[in-house]
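Written out below as structure tokens is the structure these notes cover.
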Amino acid sequence: MFDIVNGFGGGSNQWLNIFLLIAAVMRVYLEIIKFDFTALPLTKGMFRGDTEQARKFHRHGLFLSLGYIVLSAPFTLFA
């Protein structure tokens with residue numbers, strides 16, 4: 001029987017948590033080096049030139065990444 005909590009044989013999906021933590025850290029790093037997210041083709045297609053709406057969208061992504069780092073990093077690193 002498949003146990004969703006221990007799906008990878010380790011702790012509570014530890015590899016998934018590590019992958020998401022690395023992705024969140026990369027997102028914050030891109031913000032630190034002033035990467036222009038509004039220049040991405042997918043962003044241009046989603047917002048059709050409305051750069052203010054695109055900046056708000058990516059700012060919320062930054063806040064989600066920071067929240068994930070703060071809330072999950074201690075549990076992932078010390079598990």
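Numbering starts fresh at 1 for the residues of each chain in the structure tokens, the chains themselves are lettered A, B, ... in the order given, and ligands are numbered from 1 as they appear.
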
Using only C-alpha atoms, which residues sit within 8 Å of range 23-40 of chain A once same-chain residues fewer than 6 positions away are excluded, as a ChimeraX atom specification?
-> /A:51,54-55,58,62,65-66,68-69

Can you list, as a ChimeraX atom specification, all residues belonging to chain A that DSSP tags as alpha helix (DSSP H)?
-> /A:14-32,41-47,51-77

Please produce a file of the residues just selected, as a compact mmCIF listing (two decimals), in the first residue's frame, where the atoms kept are N, CA and C atoms.
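Saved result, result-v4.txt, follows:
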# COMPACT_ATOMS: atom_id res chain seq x y z
N GLN A 14 10.86 14.19 1.71
CA GLN A 14 12.00 15.06 1.93
C GLN A 14 12.62 15.56 0.63
N TRP A 15 12.67 14.73 -0.41
CA TRP A 15 13.27 15.16 -1.67
C TRP A 15 12.42 16.24 -2.34
N LEU A 16 11.13 16.13 -2.24
CA LEU A 16 10.25 17.17 -2.79
C LEU A 16 10.44 18.48 -2.03
N ASN A 17 10.54 18.40 -0.72
CA ASN A 17 10.78 19.60 0.08
C ASN A 17 12.12 20.25 -0.26
N ILE A 18 13.14 19.45 -0.47
CA ILE A 18 14.46 19.98 -0.83
C ILE A 18 14.40 20.65 -2.19
N PHE A 19 13.74 20.03 -3.16
CA PHE A 19 13.62 20.61 -4.49
C PHE A 19 12.87 21.95 -4.45
N LEU A 20 11.77 22.00 -3.72
CA LEU A 20 11.01 23.25 -3.63
C LEU A 20 11.78 24.33 -2.89
N LEU A 21 12.56 23.95 -1.90
CA LEU A 21 13.39 24.91 -1.18
C LEU A 21 14.47 25.48 -2.09
N ILE A 22 15.09 24.64 -2.91
CA ILE A 22 16.09 25.13 -3.87
C ILE A 22 15.45 26.07 -4.88
N ALA A 23 14.25 25.73 -5.36
CA ALA A 23 13.55 26.60 -6.32
C ALA A 23 13.22 27.95 -5.68
N ALA A 24 12.82 27.96 -4.43
CA ALA A 24 12.51 29.21 -3.74
C ALA A 24 13.77 30.05 -3.54
N VAL A 25 14.88 29.41 -3.21
CA VAL A 25 16.13 30.14 -3.04
C VAL A 25 16.59 30.73 -4.38
N MET A 26 16.43 29.98 -5.46
CA MET A 26 16.78 30.50 -6.78
C MET A 26 15.91 31.70 -7.14
N ARG A 27 14.65 31.66 -6.79
CA ARG A 27 13.74 32.78 -7.07
C ARG A 27 14.18 34.04 -6.32
N VAL A 28 14.56 33.89 -5.09
CA VAL A 28 15.03 35.04 -4.30
C VAL A 28 16.37 35.53 -4.86
N TYR A 29 17.23 34.63 -5.27
CA TYR A 29 18.51 35.01 -5.86
C TYR A 29 18.30 35.84 -7.13
N LEU A 30 17.38 35.41 -7.98
CA LEU A 30 17.09 36.16 -9.20
C LEU A 30 16.57 37.56 -8.87
N GLU A 31 15.84 37.69 -7.80
CA GLU A 31 15.37 39.01 -7.38
C GLU A 31 16.53 39.87 -6.89
N ILE A 32 17.48 39.27 -6.19
CA ILE A 32 18.63 40.00 -5.66
C ILE A 32 19.51 40.54 -6.79
N PRO A 41 9.07 35.91 -22.01
CA PRO A 41 8.01 35.78 -23.02
C PRO A 41 6.65 35.35 -22.44
N LEU A 42 6.67 34.47 -21.46
CA LEU A 42 5.41 34.02 -20.87
C LEU A 42 4.72 35.15 -20.12
N THR A 43 5.50 35.98 -19.45
CA THR A 43 4.93 37.12 -18.73
C THR A 43 4.34 38.12 -19.73
N LYS A 44 5.04 38.37 -20.81
CA LYS A 44 4.52 39.28 -21.83
C LYS A 44 3.21 38.75 -22.42
N GLY A 45 3.15 37.45 -22.62
CA GLY A 45 1.93 36.86 -23.17
C GLY A 45 0.77 36.88 -22.19
N MET A 46 1.07 36.72 -20.91
CA MET A 46 0.00 36.70 -19.91
C MET A 46 -0.60 38.07 -19.68
N PHE A 47 0.24 39.11 -19.70
CA PHE A 47 -0.23 40.43 -19.28
C PHE A 47 -0.33 41.43 -20.43
N THR A 51 2.80 46.16 -17.58
CA THR A 51 3.97 45.83 -16.76
C THR A 51 3.70 45.98 -15.27
N GLU A 52 2.82 46.89 -14.89
CA GLU A 52 2.52 47.06 -13.46
C GLU A 52 1.84 45.81 -12.90
N GLN A 53 0.90 45.27 -13.64
CA GLN A 53 0.22 44.03 -13.22
C GLN A 53 1.21 42.87 -13.18
N ALA A 54 2.14 42.82 -14.13
CA ALA A 54 3.16 41.76 -14.15
C ALA A 54 4.09 41.89 -12.95
N ARG A 55 4.46 43.10 -12.59
CA ARG A 55 5.32 43.30 -11.42
C ARG A 55 4.61 42.86 -10.14
N LYS A 56 3.33 43.17 -10.02
CA LYS A 56 2.56 42.73 -8.84
C LYS A 56 2.52 41.21 -8.77
N PHE A 57 2.30 40.58 -9.90
CA PHE A 57 2.24 39.12 -9.96
C PHE A 57 3.56 38.51 -9.49
N HIS A 58 4.67 39.03 -9.99
CA HIS A 58 5.97 38.49 -9.61
C HIS A 58 6.36 38.87 -8.18
N ARG A 59 5.86 39.99 -7.68
CA ARG A 59 6.11 40.36 -6.28
C ARG A 59 5.42 39.36 -5.35
N HIS A 60 4.22 38.93 -5.71
CA HIS A 60 3.53 37.93 -4.90
C HIS A 60 4.30 36.60 -4.93
N GLY A 61 4.89 36.27 -6.07
CA GLY A 61 5.72 35.07 -6.15
C GLY A 61 6.93 35.16 -5.25
N LEU A 62 7.51 36.35 -5.16
CA LEU A 62 8.64 36.56 -4.25
C LEU A 62 8.21 36.35 -2.81
N PHE A 63 7.06 36.91 -2.43
CA PHE A 63 6.57 36.74 -1.06
C PHE A 63 6.28 35.28 -0.74
N LEU A 64 5.72 34.55 -1.70
CA LEU A 64 5.48 33.12 -1.49
C LEU A 64 6.79 32.36 -1.31
N SER A 65 7.79 32.71 -2.10
CA SER A 65 9.10 32.05 -1.98
C SER A 65 9.74 32.34 -0.63
N LEU A 66 9.68 33.60 -0.21
CA LEU A 66 10.25 33.95 1.10
C LEU A 66 9.51 33.23 2.23
N GLY A 67 8.21 33.17 2.13
CA GLY A 67 7.43 32.46 3.14
C GLY A 67 7.76 30.98 3.19
N TYR A 68 7.94 30.38 2.01
CA TYR A 68 8.29 28.96 1.98
C TYR A 68 9.66 28.73 2.61
N ILE A 69 10.61 29.62 2.33
CA ILE A 69 11.94 29.47 2.91
C ILE A 69 11.88 29.60 4.42
N VAL A 70 11.19 30.59 4.91
CA VAL A 70 11.12 30.83 6.36
C VAL A 70 10.42 29.70 7.08
N LEU A 71 9.34 29.19 6.50
CA LEU A 71 8.54 28.18 7.19
C LEU A 71 9.05 26.75 7.02
N SER A 72 9.76 26.47 5.92
CA SER A 72 10.14 25.07 5.70
C SER A 72 11.64 24.80 5.85
N ALA A 73 12.47 25.81 5.70
CA ALA A 73 13.91 25.57 5.75
C ALA A 73 14.37 24.96 7.08
N PRO A 74 13.93 25.47 8.23
CA PRO A 74 14.39 24.85 9.47
C PRO A 74 14.02 23.37 9.57
N PHE A 75 12.82 23.01 9.15
CA PHE A 75 12.40 21.62 9.25
C PHE A 75 13.12 20.73 8.25
N THR A 76 13.40 21.28 7.06
CA THR A 76 14.10 20.50 6.04
C THR A 76 15.57 20.33 6.39
N LEU A 77 16.20 21.38 6.86
CA LEU A 77 17.64 21.31 7.14
C LEU A 77 17.96 20.51 8.39
